[in-house]
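Notes follow once the structure below has been shown.
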Number of protein chains: 2
Amino acid sequence: MKLYPMLAALLLVSVQAFGQEALDYKLGGGSPIVNADSSVTFSIAAPMASKVKVSGAGQTLDMVRDSAGVWSVTTLPLAPDLYTYTFEVDGVRTLDPSNIYTARDIAALSNIVIVPGGSADLYAVNDVAHGNVAKVWYSSPRLDMERRMTVYTPAGYDPAGDRRYPVLYLLHGMGGDENSWSELGRAVAILDNLIAEGKAEPMIVVMPNGNGVLAAAPGETGRGMYTPRGEDSVAEYGVFENAFADIMDYVDSHYLTVAEKSGRALAGLSMGGGHSWRISMWNPDMFDYVGLFSAAVRWNGSGVSAADEELDESLRRQFDVAPRLYWIAIGRDDFLYDLNKEYRAKLDSMDIPYEYHESTGAHTWTNWRHYLTEFLPRLFKD
Amino acid sequence: MKLYPMLAALLLVSVQAFGQEALDYKLGGGSPIVNADSSVTFSIAAPMASKVKVSGAGQTLDMVRDSAGVWSVTTLPLAPDLYTYTFEVDGVRTLDPSNIYTARDIAALSNIVIVPGGSADLYAVNDVAHGNVAKVWYSSPRLDMERRMTVYTPAGYDPAGDRRYPVLYLLHGMGGDENSWSELGRAVAILDNLIAEGKAEPMIVVMPNGNGVLAAAPGETGRGMYTPRGEDSVAEYGVFENAFADIMDYVDSHYLTVAEKSGRALAGLSMGGGHSWRISMWNPDMFDYVGLFSAAVRWNGSGVSAADEELDESLRRQFDVAPRLYWIAIGRDDFLYDLNKEYRAKLDSMDIPYEYHESTGAHTWTNWRHYLTEFLPRLFKD
C-alpha cells in the first residue's frame with residue numbers, strides 16, 4: 001500500500017512549528033482500560049503530585065504512584081454502564097489527558113467510559129445502520145425566538161420518499177439543553193441499536209431545548225461562550241409547555257411524520273418529565289405514548305398541587321381518551337420519589353391506568369439512559 | 001415571574017445525591033477573561049502546585065500564585081483570533097475547569113477563547129439567522145462503506161421548496177475528520193455570519209470524512225472509543241479522490257443543489273488541499289471554484305512529482321475549461337511553502353491563471369479559518 005510517507009514525516013517534523021495547534025501525538029496513553037473482569041484501570045502521569053484521585057459513579061478512589069510518577073488505580077468489577085469520571089491532581093479537577101471522550105453536564109466536563117454488557121451495549125456505537133442527527137433552527141412565534149433542536153431521523157429515512165415515521169419528543173431536565181439526550185443520554189446510539197435489533201420501531205426523535213428563556217445550548221447563541229448555570233434553565237411555569245405547539249408545527253411541516261396521536265410519543269426526565277406530564281395532560285388528543293422519567297410531576301411554579309382544583313378534571317379529560325401507554329419510572333433513591341408516589345396514589349384513586357417502572361438508584365443519567373432503553377420498545381407497536 | 005423555586009432548591013440540595021453526575025455549579029469561574037485591551041487573563045485554583053503554566057498560540061506563559069492559591073497570568077494584547085490553550089499544572093496537561101468550550105485536534109482536547117475583532121468576529125456565534133448542521137451517513141459503494149459527513153444547509157433552506165443552492169465541498173487535513181471544519185474551523189459560524197452580512201451566497205457546505213480508510217470520526221463507529229492517531233488518517237493515494245463521486249452522488253440526490261459546474265466549489269486544507277487539487281484536476285467539468293489552503297499539492301503517494309509526466313496534460317485538460325476561480329493560499333512559514341512555490345512556478349510556466357493569497361504564519365487553523373473567510377465571498381457570484 002502506498003501511503004504518503006514523506007508527507008507524514010514532514011508533518012511529524014513540523015509539529016513543533018504548528019505552534020497554536022495541539023497536535024501532540026504522544027498524549028494517547030492507556031487510560032482508561034476496561035479489563036476483562038469489568039474493572040477499569042485509570043492512570044495519569046503526574047510525577048510531581050502528592051495526591052491523585054479519580055471520581056465517578058459517586059465514588060472517589062485514591063490512585064497510587066509508581067516509580068515513574070504514573071498514578072493508577074483499578075476499580076472493583078463494575079456493573080455495565082456508561083460512567084463519567086474526572087481526576088483530581090493535588091486538588092485540581094483534571095480531565096484524563098489520554099481520553100478524548102467527554103460529556104458536559106451544565107458547567108462541567110467529564111470523561112466517559114463504557115463498561116460493556118447488558119443495556120450498556122446499547123450505549124456504544126456499534127456496526128449497525130446509523131440514523132442522521134441534525135441541529136435544526138425553528139421559529140417559535142409563541143416565544144418570539146428562533147430556537148435550536150436536535151432531530152434524529154432513522155437509517156433509511158428519505159425526505160424525498162413516501163414513508164412516514166412516528167415521532168418521539170424527548171425532553172431534558174433542568175440545566176440541560178437540546179444536546180443533553182444525544183450526548184449524556186446516548187440517545188443516538190440507543191436508537192440506532194434498538195432499531196437495528198428490531199426492538200424499536202424506526203422513528204423520528206425530536207430533542208428540543210426545553211428552557212423557555214433560552215434559544216439554544218451554551219455557545220450556540222449570540223450570548224457567547226458564557227458559563228451555564230442550572231438555574232438559567234428555568235422558565236416561568238407553562239411558558240415552554242404552551243410554546244410546544246411551535247415545535248410540533250415545525251416537525252410536522254418539515255418531516256415525513258405520522259401526524260396523529262397514534263404516531264406521537266412524549267417523554268422527558270426531571271423538569272422535562274414535568275413538561276411531558278403537563279403537555280400531555282393539556283393536549284389529550286396529541287400523544288398516545290407518555291413517558292415520565294424521574295418526573296417533576298405536579299409542580300406548577302410555586303410548589304406542588306396549587307392547581308389541584310383543576311387537576312382531577314384535566315386528568316379526566318386526558319384519560320377519557322386515554323393514551324395507549326402512560327409510563328412512569330423512578331429510582332427508589334430519587335429525591336422526587338415521594339412526589340411520584342403521591343401522584344401514583346392519585347392516579348390509583350381515580351382508576352387511571354398507567355405502567356410503573358421502579359428502579360434502584362437516584363436522579364441520574366444512569367437511570368434515564370436505562371429508562372429510555374425500556375421505553376422505546378414500547379412505542380408505536382400495533 | 002413564577003419560577004420553580006422549590007424544585008430548584010430541591011435540586012440544589014440533592015446535588016450531592018446525584019453521585020455519578022458532574023453537577024458542580026461552582027466550577028464556573030472567571031477564566032478566561034478577555035479584557036478591553038484584547039489581552040486575556042487566565043486563572044486556575046491550584047493551591048498545592050509549585051508551577052503552573054498556560055500554553056497557546058505557540059507560546060507558554062508562567063502563571064503567578066496569589067495568597068489563596070489561584071494562579072493567573074494576563075497576556076499582552078492579542079490579535080483578534082480564536083485561540084486554543086491548555087494549562088500545565090506541575091507538569092500535568094489540564095483543561096481550564098472554568099471553561100466548558102473545547103475543541104479536539106486529533107488526540108488532544110484544548111480550551112478555546114475568541115479575542116474579538118476583525119475576522120475573529122466571524123468565528124463567534126452571533127445573533128443572525130443560523131443554518132442547520134447535520135451528521136449524515138451515506139453509502140460509498142466505491143469504498144464499500146457507510147460513511148459519515150457533516151452537511152450545512154443555510155438559513156431558509158427548505159427541503160420541500162423549489163430553491164436550489166450551490167455546494168461547497170470542504171475537506172480537512174491529515175488527522176482530521178468530518179468534524180474538523182465545523183469545530184476547529186468554526187465553519188458554521190463563519191458561514192452564518194458571512195451569509196447574514198450578504199458577503200457570501202447562501203450555499204450548502206459538505207464536509208466529508210476525507211480518510212479513505214475510515215468511516216467516521218473517532219467514537220462514531222463500531223471501533224469504539226479509541227485514541228486517534230494522525231497516521232490513521234492516510235489512505236492509499238487516490239482512494240479518497242476516486243471515491244469522491246459517491247459523495248457528490250449522495251448530495252445531488254438528497255439536497256436541492258445546483259448540480260452543475262457553476263454551482264460547485266471544492267476546497268481543502270493540507271491533505272484535503274491535495275485531495276482538492278487532484279479531484280478538481282481529474283474532473284475538469286465538475287468545479288468552477290477550487291481552493292487550495294496550505295495544500296499538499298503534487299503529492300502522489302511516494303513523494304513529489306512522480307506523476308509529472310502526466311501532470312502537464314492533466315492541467316491542460318483542466319484549464320482548457322478553466323474554473324472561474326483557482327485560489328491558492330499559504331503562509332510564509334508553512335512547511336509546504338516551497339512545494340506550493342514550485343507548483344505556482346509550473347502554473348506560471350504554463351500560463352495557467354490562478355489567484356494567490358500569501359499570509360503570514362504556518363500550517364495552522366488560524367490561517368485556515370482566515371482563508372475560509374477570504375474564499376467564501378468569492379464563490380458563486382455572477
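In the C-alpha cells, the first chain shown is A, the next is B, and so on; residue numbers restart at 1 for each chain, and ligands run from 1 in the order shown.
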Please return as a VMD selection string: the residues of segment 10-186 of chain B that backbone DSSP assigns to alpha helix (DSSP H). chain B and resid 10 to 13 15 to 18
Just the residues within 12 Å of Arg65 of chain A, please, counting only C-alpha atoms, with nothing from its chain fewer than 2 positions along; format it as a list in words. Phe42, Ser43, Ile44, Ala45, Ala46, Pro47, Met48, Ala49, Ser50, Lys51, Val52, Lys53, Asp62, Met63, Ser67, Ala68, Gly69, Val70, Trp71, Ser72, Val73 and Val89 of chain A
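Comparing the minimum interatomic distances between Ile247 of chain A and each of A:Ala103, A:Leu325, A:Val167, A:Leu311, counting only C-alpha atoms, we find that A:Val167 sits nearest.
Residues within 8 Å of Gly230 of chain B, counting only C-alpha atoms and excluding same-chain residues fewer than 3 positions away, are Tyr25 of chain A; Ile106, Met174, Gly175, Gly176, Ser233 and Val234 of chain B.
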Take the residues from that selection and put them in a file with C-alpha atoms, as a compact mmCIF listing (two decimals), in the first residue's frame.
# COMPACT_ATOMS: atom_id res chain seq x y z
CA TYR A 25 0.54 12.59 19.04
CA ILE B 106 -6.58 14.54 16.72
CA MET B 174 -4.37 14.66 7.90
CA GLY B 175 -5.61 13.61 11.32
CA GLY B 176 -8.87 15.45 10.83
CA SER B 233 -5.98 9.38 8.51
CA VAL B 234 -3.95 8.44 5.50
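Minimum atom-to-atom distance to Pro141 of chain B, evaluated using only C-alpha atoms, belongs to B:Tyr250 out of B:Tyr250, B:Trp282, B:Tyr289, B:Tyr371.
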Within 9 Å of segment 336-352 of chain B using only C-alpha atoms, minus same-chain residues under 6 positions, as a ChimeraX atom specification: /A:10 /B:270,294-298,304,312,315-316,319,322,328-330,362-363
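If only C-alpha atoms are the atoms counted, then among B:Leu122, B:Ala129, B:Ile190, B:Leu372 the closest residue to chain A is B:Ala129.
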